[in-house]
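Notes follow once the structure below has been shown.
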Amino acid sequence: MYIISVKEVGPPSTPQEIKRLRRQNMDMCLKMGQPVVYRHLWNEDDVGEGLARKCPACWDTAYDQVRNDCLVCFGFGFASVEESVDPDLWIDASGQVVDDATPSAGWVRAPRYGGFGESVLTWLMEPDVAVDVFRISDQGTMVRTFDATGVAPWFPNLSDNDLCVNVQLSQNDYSIISTHDRFQLKMVQPITMRGFGKRGRPSGQGGQAFRVAQSFQMSKAPTNTSLYDVPVDVA
């Protein structure tokens with residue numbers, strides 16, 4: 001299940017001025033932007049924070065690598081610490097996800113989110129740019145690129161390499177009808193308002209930064225990559 005970012009403006013302790021700026025930015029993205037499903041790519045920082053782990057299905061401790069065809073992490077090597085809500089989903093000894101109410105010895109519970117975090121439905125302002133630009137990939141092949149600078153609301157907190165999927169919504173609710181282009185984010189930059197306020201720290205120790213928006217660049221993913229296998233909605 002995905003969560004929707006439309007009304008999220010921060011906890012009750014957030015100053016009203018910051019909430020107003022965040023709400024205005026979201027209204028602009030709703031009016032001028034594109035609905036997308038955002039999914040955070042797990043990384044080593046998430047492992048350190050206890051949110052993610054090495055993929056239990058394909059991680060090879062001997063060679064310190066993963067399988068590109070893994071259906072759990074999609075070849076990115078990480079999965080959520082949180083387990084699947086389905087108690088019958090397991091990962092067997094061969095690294096395959098099986099649905100079995102009577103697991104065998106050595107099987108482990110399947111993670112709830114593999115490779116990417118929970119789905120968030122939000123709106124991004126994606127400028128139009130030319131798509132007939134090619135570059136050399138890491139594998140030495142020519143791939144078509146789509147790079148542009150966009151603007152996002154303050155929530156969720158975007159990071160480099162995260163996945164955004166353009167979607168079409170139904171007219172009367174937030175149900176997803178279809179999915180379209182997929183992008184990976186890069187050069188994410190928060191747009192913040194800095195101030196002290198009554199509960200701020202003393203001068204010389206720095207103020208608290210309130211994020212009101214975010215800017216980023218987006219790179220269109222080639223259609224033959226595992227990014228197109230990542231589901232937009234996860235139970």
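In the structure tokens, chains take letters A, B, ... by order of appearance, with residues numbered from 1 within each chain and ligands from 1 in the order shown.
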Quiz prompt | Those in range 9-232 of chain A with strand (DSSP E or B) from DSSP, as an MDAnalysis selection string | solution = chainID A and resid 34:39 41 52:54 60 65 78:80 83 89:91 97:99 108:109 111 114 116 120:125 133:136 142:145 147:153 163:169 176:195 208:220
Quiz prompt | Shell around Pro11 in chain A at 12 Å using only C-alpha atoms, local window under 6 positions removed, as a ChimeraX atom specification | solution = /A:18-19,210
Pull the helix (DSSP H, G or I) assignments for range 28-173 of chain A out of DSSP run on the backbone, and list those residues as a PDB file with N, CA, C and O atoms, in the first residue's frame.
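Result file out-v4.pdb:
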```
ATOM      1  N   MET A  28       1.253  24.079  -5.542  1.00  0.00           N
ATOM      2  CA  MET A  28       1.842  24.337  -6.849  1.00  0.00           C
ATOM      3  C   MET A  28       2.164  23.035  -7.575  1.00  0.00           C
ATOM      4  O   MET A  28       1.905  22.887  -8.771  1.00  0.00           O
ATOM      5  N   CYS A  29       2.703  22.052  -6.840  1.00  0.00           N
ATOM      6  CA  CYS A  29       3.028  20.767  -7.458  1.00  0.00           C
ATOM      7  C   CYS A  29       1.760  20.024  -7.886  1.00  0.00           C
ATOM      8  O   CYS A  29       1.741  19.358  -8.925  1.00  0.00           O
ATOM      9  N   LEU A  30       0.691  20.145  -7.101  1.00  0.00           N
ATOM     10  CA  LEU A  30      -0.575  19.518  -7.472  1.00  0.00           C
ATOM     11  C   LEU A  30      -1.144  20.122  -8.737  1.00  0.00           C
ATOM     12  O   LEU A  30      -1.714  19.423  -9.588  1.00  0.00           O
ATOM     13  N   LYS A  31      -0.994  21.448  -8.892  1.00  0.00           N
ATOM     14  CA  LYS A  31      -1.580  22.139 -10.033  1.00  0.00           C
ATOM     15  C   LYS A  31      -0.737  21.983 -11.291  1.00  0.00           C
ATOM     16  O   LYS A  31      -1.266  21.794 -12.385  1.00  0.00           O
ATOM     17  N   MET A  32       0.586  22.043 -11.136  1.00  0.00           N
ATOM     18  CA  MET A  32       1.476  22.061 -12.295  1.00  0.00           C
ATOM     19  C   MET A  32       2.280  20.779 -12.474  1.00  0.00           C
ATOM     20  O   MET A  32       2.928  20.604 -13.505  1.00  0.00           O
ATOM     21  N   GLU A  44      23.631   1.611   2.399  1.00  0.00           N
ATOM     22  CA  GLU A  44      24.384   1.265   3.607  1.00  0.00           C
ATOM     23  C   GLU A  44      23.966   2.114   4.800  1.00  0.00           C
ATOM     24  O   GLU A  44      24.016   1.659   5.941  1.00  0.00           O
ATOM     25  N   ASP A  45      23.587   3.368   4.551  1.00  0.00           N
ATOM     26  CA  ASP A  45      23.132   4.217   5.656  1.00  0.00           C
ATOM     27  C   ASP A  45      21.883   3.649   6.310  1.00  0.00           C
ATOM     28  O   ASP A  45      21.730   3.695   7.540  1.00  0.00           O
ATOM     29  N   ASP A  46      20.977   3.109   5.494  1.00  0.00           N
ATOM     30  CA  ASP A  46      19.758   2.508   6.045  1.00  0.00           C
ATOM     31  C   ASP A  46      20.083   1.248   6.851  1.00  0.00           C
ATOM     32  O   ASP A  46      19.413   0.948   7.842  1.00  0.00           O
ATOM     33  N   VAL A  47      21.123   0.525   6.423  1.00  0.00           N
ATOM     34  CA  VAL A  47      21.548  -0.648   7.179  1.00  0.00           C
ATOM     35  C   VAL A  47      22.057  -0.221   8.550  1.00  0.00           C
ATOM     36  O   VAL A  47      21.737  -0.820   9.576  1.00  0.00           O
ATOM     37  N   GLY A  48      22.852   0.864   8.579  1.00  0.00           N
ATOM     38  CA  GLY A  48      23.363   1.364   9.835  1.00  0.00           C
ATOM     39  C   GLY A  48      22.273   1.860  10.771  1.00  0.00           C
ATOM     40  O   GLY A  48      22.414   1.782  11.994  1.00  0.00           O
TER      41      GLY A  48
END
```
